[in-house]
file query.txt (compact mmCIF, C-alpha atoms)
# COMPACT_ATOMS: atom_id res chain seq x y z
CA MET W 1 21.80 30.94 -2.65
CA PHE W 2 18.12 30.80 -3.71
CA ASP W 3 18.91 31.69 -7.33
CA HIS W 4 17.53 28.41 -8.69
CA LEU W 5 15.05 26.31 -6.72
CA LEU W 6 14.21 22.67 -7.46
CA VAL W 7 10.72 21.56 -6.38
CA PRO W 8 10.00 17.81 -6.59
CA LEU W 9 6.32 17.01 -7.25
CA ASP W 10 4.66 13.61 -7.40
CA GLY W 11 1.09 14.72 -8.13
CA SER W 12 -0.05 14.60 -4.52
CA ASP W 13 -1.39 17.45 -2.39
CA LEU W 14 1.35 16.61 0.08
CA SER W 15 4.14 17.24 -2.42
CA GLU W 16 2.45 20.46 -3.55
CA ALA W 17 2.67 21.75 0.02
CA ALA W 18 6.24 22.80 -0.90
CA LEU W 19 4.99 25.25 -3.54
CA PRO W 20 4.03 28.10 -1.16
CA MET W 21 7.50 28.06 0.40
CA ALA W 22 9.14 27.86 -3.03
CA THR W 23 7.08 30.75 -4.42
CA ALA W 24 7.65 32.86 -1.31
CA SER W 25 11.40 32.30 -1.64
CA ALA W 26 11.28 32.95 -5.39
CA ASN W 27 9.37 36.17 -4.77
CA LYS W 28 11.84 37.41 -2.20
CA PHE W 29 15.03 36.38 -4.01
CA ARG W 30 13.81 36.55 -7.64
CA SER W 31 14.62 32.87 -8.04
CA LYS W 32 14.08 30.61 -11.00
CA ILE W 33 11.98 27.52 -10.19
CA THR W 34 12.34 24.10 -11.75
CA LEU W 35 9.54 21.62 -11.11
CA ILE W 36 10.66 18.00 -11.32
CA SER W 37 8.87 14.69 -11.36
CA ALA W 38 10.16 11.16 -11.90
CA VAL W 39 8.36 8.35 -13.66
CA HIS W 40 9.73 5.09 -12.37
CA ILE W 41 7.72 1.90 -12.77
CA PRO W 42 9.33 -1.27 -11.42
CA TYR W 43 9.91 -3.91 -14.08
CA PHE W 44 8.26 -7.30 -13.51
CA ILE W 45 9.21 -10.69 -14.89
CA GLY W 46 6.75 -13.55 -14.89
CA GLU W 47 4.98 -16.21 -16.91
CA GLY W 48 1.72 -16.08 -18.81
CA ILE W 49 1.51 -12.32 -19.28
CA ASP W 50 3.41 -10.13 -21.70
CA PHE W 51 4.99 -7.93 -19.04
CA ALA W 52 7.15 -6.05 -21.55
CA GLU W 53 4.09 -4.73 -23.38
CA LEU W 54 2.27 -4.01 -20.10
CA TYR W 55 5.34 -2.18 -18.78
CA ASP W 56 5.69 -0.08 -21.93
CA ASN W 57 2.00 0.89 -21.86
CA LEU W 58 2.09 1.79 -18.17
CA SER W 59 5.28 3.76 -18.61
CA GLN W 60 4.01 5.73 -21.62
CA ASN W 61 0.69 6.52 -19.94
CA GLN W 62 2.38 7.59 -16.72
CA GLU W 63 4.88 9.71 -18.64
CA GLN W 64 2.11 11.54 -20.55
CA GLU W 65 0.04 12.13 -17.40
CA THR W 66 3.02 13.37 -15.43
CA LYS W 67 4.13 15.73 -18.20
CA ALA W 68 0.61 17.20 -18.43
CA TYR W 69 0.54 17.61 -14.63
CA LEU W 70 3.90 19.43 -14.59
CA GLN W 71 2.83 21.66 -17.49
CA SER W 72 -0.36 22.65 -15.66
CA LYS W 73 1.63 23.61 -12.54
CA GLN W 74 4.12 25.47 -14.72
CA ARG W 75 1.33 27.44 -16.44
CA ALA W 76 -0.18 28.48 -13.12
CA LEU W 77 3.19 29.71 -11.84
CA LEU W 78 4.05 31.46 -15.11
CA ASP W 79 0.67 33.23 -14.95
CA ALA W 80 1.59 34.37 -11.45
CA GLY W 81 4.79 35.93 -12.80
CA PHE W 82 7.39 33.33 -11.85
CA HIS W 83 10.23 32.09 -14.06
CA VAL W 84 9.51 28.33 -14.17
CA ASP W 85 10.66 25.35 -16.16
CA ILE W 86 9.87 21.67 -15.81
CA HIS W 87 11.95 18.52 -15.89
CA LEU W 88 10.54 15.02 -16.28
CA VAL W 89 12.87 12.11 -15.56
CA VAL W 90 11.89 8.68 -16.86
CA GLY W 91 13.24 5.40 -15.52
CA GLU W 92 15.18 6.72 -12.55
CA PRO W 93 14.10 6.45 -8.90
CA PRO W 94 12.81 9.80 -7.54
CA ALA W 95 15.61 10.53 -5.07
CA GLU W 96 18.30 9.84 -7.66
CA ALA W 97 16.44 11.95 -10.24
CA ILE W 98 16.25 14.88 -7.80
CA LEU W 99 19.92 14.66 -6.87
CA HIS W 100 21.14 14.29 -10.47
CA THR W 101 18.98 17.18 -11.63
CA ALA W 102 20.26 19.38 -8.81
CA ASP W 103 23.83 18.68 -9.92
CA GLU W 104 23.21 18.98 -13.67
CA ARG W 105 21.15 22.17 -13.59
CA ALA W 106 23.15 24.21 -11.08
CA ILE W 107 20.35 24.11 -8.53
CA ASP W 108 21.32 25.85 -5.33
CA THR W 109 18.32 24.93 -3.14
CA ILE W 110 15.87 22.02 -3.09
CA VAL W 111 12.41 22.80 -1.68
CA MET W 112 10.31 19.75 -0.88
CA SER W 113 7.73 18.43 1.51
CA THR W 114 7.83 15.42 3.76
CA HIS W 115 5.01 12.93 3.43
CA GLY W 116 4.87 12.19 7.13
CA ARG W 117 5.26 8.43 6.76
CA GLY W 118 6.48 6.55 9.75
CA GLY W 119 6.90 3.02 11.03
CA LEU W 120 6.13 0.22 8.60
CA MET W 121 5.07 2.51 5.73
CA ARG W 122 8.40 4.31 5.87
CA TRP W 123 10.31 1.04 6.05
CA VAL W 124 8.40 -0.46 3.09
CA PHE W 125 8.43 2.58 0.82
CA GLY W 126 11.58 4.28 2.03
CA SER W 127 11.80 8.00 2.19
CA VAL W 128 12.73 10.06 -0.82
CA THR W 129 13.11 13.05 1.48
CA ASP W 130 15.57 11.18 3.73
CA GLN W 131 17.65 10.08 0.76
CA VAL W 132 17.75 13.59 -0.69
CA LEU W 133 18.53 15.15 2.68
CA ARG W 134 21.41 12.73 3.31
CA LYS W 135 22.98 12.98 -0.15
CA ALA W 136 22.25 16.51 -1.35
CA THR W 137 25.18 18.83 -1.85
CA VAL W 138 22.95 21.92 -1.65
CA PRO W 139 20.60 23.18 1.10
CA VAL W 140 17.24 21.42 1.38
CA LEU W 141 14.23 23.35 2.66
CA LEU W 142 11.59 20.98 4.04
CA VAL W 143 7.92 21.64 4.53
CA ARG W 144 6.49 19.17 7.02
CA VAL W 145 2.95 18.09 6.26
CA ALA W 146 0.79 16.12 8.66
CA PRO W 147 -1.08 13.75 6.31
CA SER W 148 -4.12 13.31 8.54
CA SER W 149 -4.86 16.99 9.06
CA LYS W 150 -3.11 18.35 5.95
CA THR W 151 -1.78 21.18 8.07
CA THR W 152 1.62 22.48 7.18
CA LYS W 153 4.44 23.06 9.63
CA ARG W 154 7.45 24.86 8.21
CA HIS W 155 10.91 23.68 9.04
CA VAL W 156 14.16 24.78 7.48
CA TRP W 157 16.88 22.20 7.09
CA LYS W 158 20.31 23.04 5.79
CA ARG W 159 23.16 20.81 4.86
call {"tool": "encode", "arguments": {"input": "query.txt", "output": "structure tokens"}}
result
Amino acid sequence: MFDHLLVPLDGSDLSEAALPMATASANKFRSKITLISAVHIPYFIGEGIDFAELYDNLSQNQEQETKAYLQSKQRALLDAGFHVDIHLVVGEPPAEAILHTADERAIDTIVMSTHGRGGLMRWVFGSVTDQVLRKATVPVLLVRVAPSSKTTKRHVWKR
């Protein structure tokens, strides 16, 4: 356990709250870290606008930005002495991308933060964390972040 950690990042400070726990675990257990992000833009169909071209442009731009973001996080961790790789998944919803990557890359622990959504926001957007926690076949370490105060509370969840 803790040989290969998967850390999902979406570009937000809240998702990056998982990095201190991941690096602390990697330090202690000499773990490899894989940073993952998913680019998934819903496809729209309508009249009067060329949605296919708009979709392709949005997707390509988002893919380039996300890859640059992951590479910058990777560089910082490599400079700190960690063994880190990145994985960008295009066209797959985030929870599915995390779960598939965990299976395909022999990940033994997923380290991620919760975004602290509740009520209507959680119902509308769903919870990637909930989906991963329910379906993961490996332990999931969660870092709970209170979005209003940006304070971090550490919780360990195991499956």
call {"tool": "closest_residue", "arguments": {"input": "query.txt", "among": "W:Val138, W:Ala97, W:Ala68, W:Val84", "to": "W:Val111", "atoms": "all atoms listed in the file"}}
result
W:Val138
call {"tool": "atom_distance", "arguments": {"input": "query.txt", "atom1": "atom CA of W:Val143", "atom2": "atom CA of W:Ser15"}}
result
9.1 Å
call {"tool": "residues_around", "arguments": {"input": "query.txt", "residues": "W:Leu19", "least_positions_apart": "6", "cutoff": "10 Å", "atoms": "only C-alpha atoms", "output": "PDB file with C-alpha atoms, in the coordinates of the input"}}
result
ATOM      1  CA  VAL W   7      10.720  21.560  -6.380  1.00  0.00           C
ATOM      2  CA  PRO W   8      10.000  17.810  -6.590  1.00  0.00           C
ATOM      3  CA  LEU W   9       6.320  17.010  -7.250  1.00  0.00           C
ATOM      4  CA  SER W  25      11.400  32.300  -1.640  1.00  0.00           C
ATOM      5  CA  ILE W  33      11.980  27.520 -10.190  1.00  0.00           C
ATOM      6  CA  LEU W  35       9.540  21.620 -11.110  1.00  0.00           C
ATOM      7  CA  LYS W  73       1.630  23.610 -12.540  1.00  0.00           C
ATOM      8  CA  LEU W  77       3.190  29.710 -11.840  1.00  0.00           C
ATOM      9  CA  VAL W 111      12.410  22.800  -1.680  1.00  0.00           C
ATOM     10  CA  MET W 112      10.310  19.750  -0.880  1.00  0.00           C
ATOM     11  CA  SER W 113       7.730  18.430   1.510  1.00  0.00           C
ATOM     12  CA  VAL W 143       7.920  21.640   4.530  1.00  0.00           C
TER      13      VAL W 143
END
call {"tool": "atom_distance", "arguments": {"input": "query.txt", "atom1": "atom CA of W:Leu88", "atom2": "atom CA of W:Ile36"}}
result
5.8 Å
call {"tool": "residues_around", "arguments": {"input": "query.txt", "residues": "W:Pro94", "least_positions_apart": "4", "cutoff": "8 Å", "atoms": "all atoms listed in the file", "output": "list in words"}}
result
Ser37, Ala38, Val39, His40, Ile98 and Val128 of chain W
call {"tool": "build_atoms", "arguments": {"input": "query.txt", "residues": "stretch 12-45 of chain W", "atoms": "N, CA and C atoms", "output": "compact mmCIF listing (two decimals), in the coordinates of the input"}}
result
# COMPACT_ATOMS: atom_id res chain seq x y z
N SER W 12 0.76 14.63 -5.74
CA SER W 12 -0.05 14.60 -4.52
C SER W 12 -0.16 16.00 -3.91
N ASP W 13 -1.23 16.21 -3.14
CA ASP W 13 -1.39 17.45 -2.39
C ASP W 13 -0.23 17.64 -1.43
N LEU W 14 0.25 16.53 -0.88
CA LEU W 14 1.35 16.61 0.08
C LEU W 14 2.62 17.16 -0.57
N SER W 15 2.93 16.71 -1.77
CA SER W 15 4.14 17.24 -2.42
C SER W 15 3.96 18.70 -2.81
N GLU W 16 2.73 19.07 -3.16
CA GLU W 16 2.45 20.46 -3.55
C GLU W 16 2.50 21.42 -2.37
N ALA W 17 2.54 20.90 -1.16
CA ALA W 17 2.67 21.75 0.02
C ALA W 17 3.99 22.52 0.02
N ALA W 18 4.95 22.09 -0.79
CA ALA W 18 6.24 22.80 -0.90
C ALA W 18 6.13 24.04 -1.78
N LEU W 19 5.09 24.12 -2.60
CA LEU W 19 4.99 25.25 -3.54
C LEU W 19 4.87 26.61 -2.86
N PRO W 20 4.07 26.77 -1.80
CA PRO W 20 4.03 28.10 -1.16
C PRO W 20 5.39 28.57 -0.64
N MET W 21 6.17 27.66 -0.07
CA MET W 21 7.50 28.06 0.40
C MET W 21 8.40 28.40 -0.78
N ALA W 22 8.31 27.61 -1.85
CA ALA W 22 9.14 27.86 -3.03
C ALA W 22 8.77 29.19 -3.67
N THR W 23 7.49 29.48 -3.79
CA THR W 23 7.08 30.75 -4.42
C THR W 23 7.40 31.94 -3.53
N ALA W 24 7.28 31.77 -2.21
CA ALA W 24 7.65 32.86 -1.31
C ALA W 24 9.14 33.16 -1.43
N SER W 25 9.95 32.11 -1.48
CA SER W 25 11.40 32.30 -1.64
C SER W 25 11.72 32.91 -3.01
N ALA W 26 11.05 32.42 -4.04
CA ALA W 26 11.28 32.95 -5.39
C ALA W 26 10.88 34.42 -5.48
N ASN W 27 9.80 34.77 -4.81
CA ASN W 27 9.37 36.17 -4.77
C ASN W 27 10.42 37.05 -4.11
N LYS W 28 10.89 36.61 -2.97
CA LYS W 28 11.84 37.41 -2.20
C LYS W 28 13.21 37.52 -2.88
N PHE W 29 13.68 36.41 -3.46
CA PHE W 29 15.03 36.38 -4.01
C PHE W 29 15.08 36.40 -5.54
N ARG W 30 13.91 36.55 -6.17
CA ARG W 30 13.81 36.55 -7.64
C ARG W 30 14.42 35.28 -8.24
N SER W 31 14.06 34.17 -7.65
CA SER W 31 14.62 32.87 -8.04
C SER W 31 13.92 32.27 -9.25
N LYS W 32 14.65 31.47 -9.97
CA LYS W 32 14.08 30.61 -11.00
C LYS W 32 13.61 29.34 -10.30
N ILE W 33 12.52 28.76 -10.77
CA ILE W 33 11.98 27.52 -10.19
C ILE W 33 11.99 26.44 -11.26
N THR W 34 12.47 25.27 -10.89
CA THR W 34 12.34 24.10 -11.75
C THR W 34 11.49 23.07 -11.02
N LEU W 35 10.40 22.67 -11.65
CA LEU W 35 9.54 21.62 -11.11
C LEU W 35 10.02 20.30 -11.70
N ILE W 36 10.17 19.30 -10.86
CA ILE W 36 10.66 18.00 -11.32
C ILE W 36 9.71 16.90 -10.87
N SER W 37 9.59 15.90 -11.72
CA SER W 37 8.87 14.69 -11.36
C SER W 37 9.58 13.52 -12.02
N ALA W 38 9.52 12.36 -11.37
CA ALA W 38 10.16 11.16 -11.90
C ALA W 38 9.12 10.08 -12.16
N VAL W 39 9.21 9.49 -13.32
CA VAL W 39 8.36 8.35 -13.66
C VAL W 39 9.23 7.12 -13.57
N HIS W 40 8.94 6.30 -12.58
CA HIS W 40 9.73 5.09 -12.37
C HIS W 40 8.78 3.96 -12.03
N ILE W 41 8.59 3.05 -12.98
CA ILE W 41 7.72 1.90 -12.77
C ILE W 41 8.61 0.67 -12.67
N PRO W 42 8.50 -0.06 -11.55
CA PRO W 42 9.33 -1.27 -11.42
C PRO W 42 9.04 -2.25 -12.55
N TYR W 43 10.06 -2.94 -13.00
CA TYR W 43 9.91 -3.91 -14.08
C TYR W 43 9.64 -5.29 -13.48
N PHE W 44 8.64 -5.99 -14.02
CA PHE W 44 8.26 -7.30 -13.51
C PHE W 44 8.59 -8.38 -14.53
N ILE W 45 8.96 -9.54 -14.04
CA ILE W 45 9.21 -10.69 -14.89
C ILE W 45 8.32 -11.83 -14.39
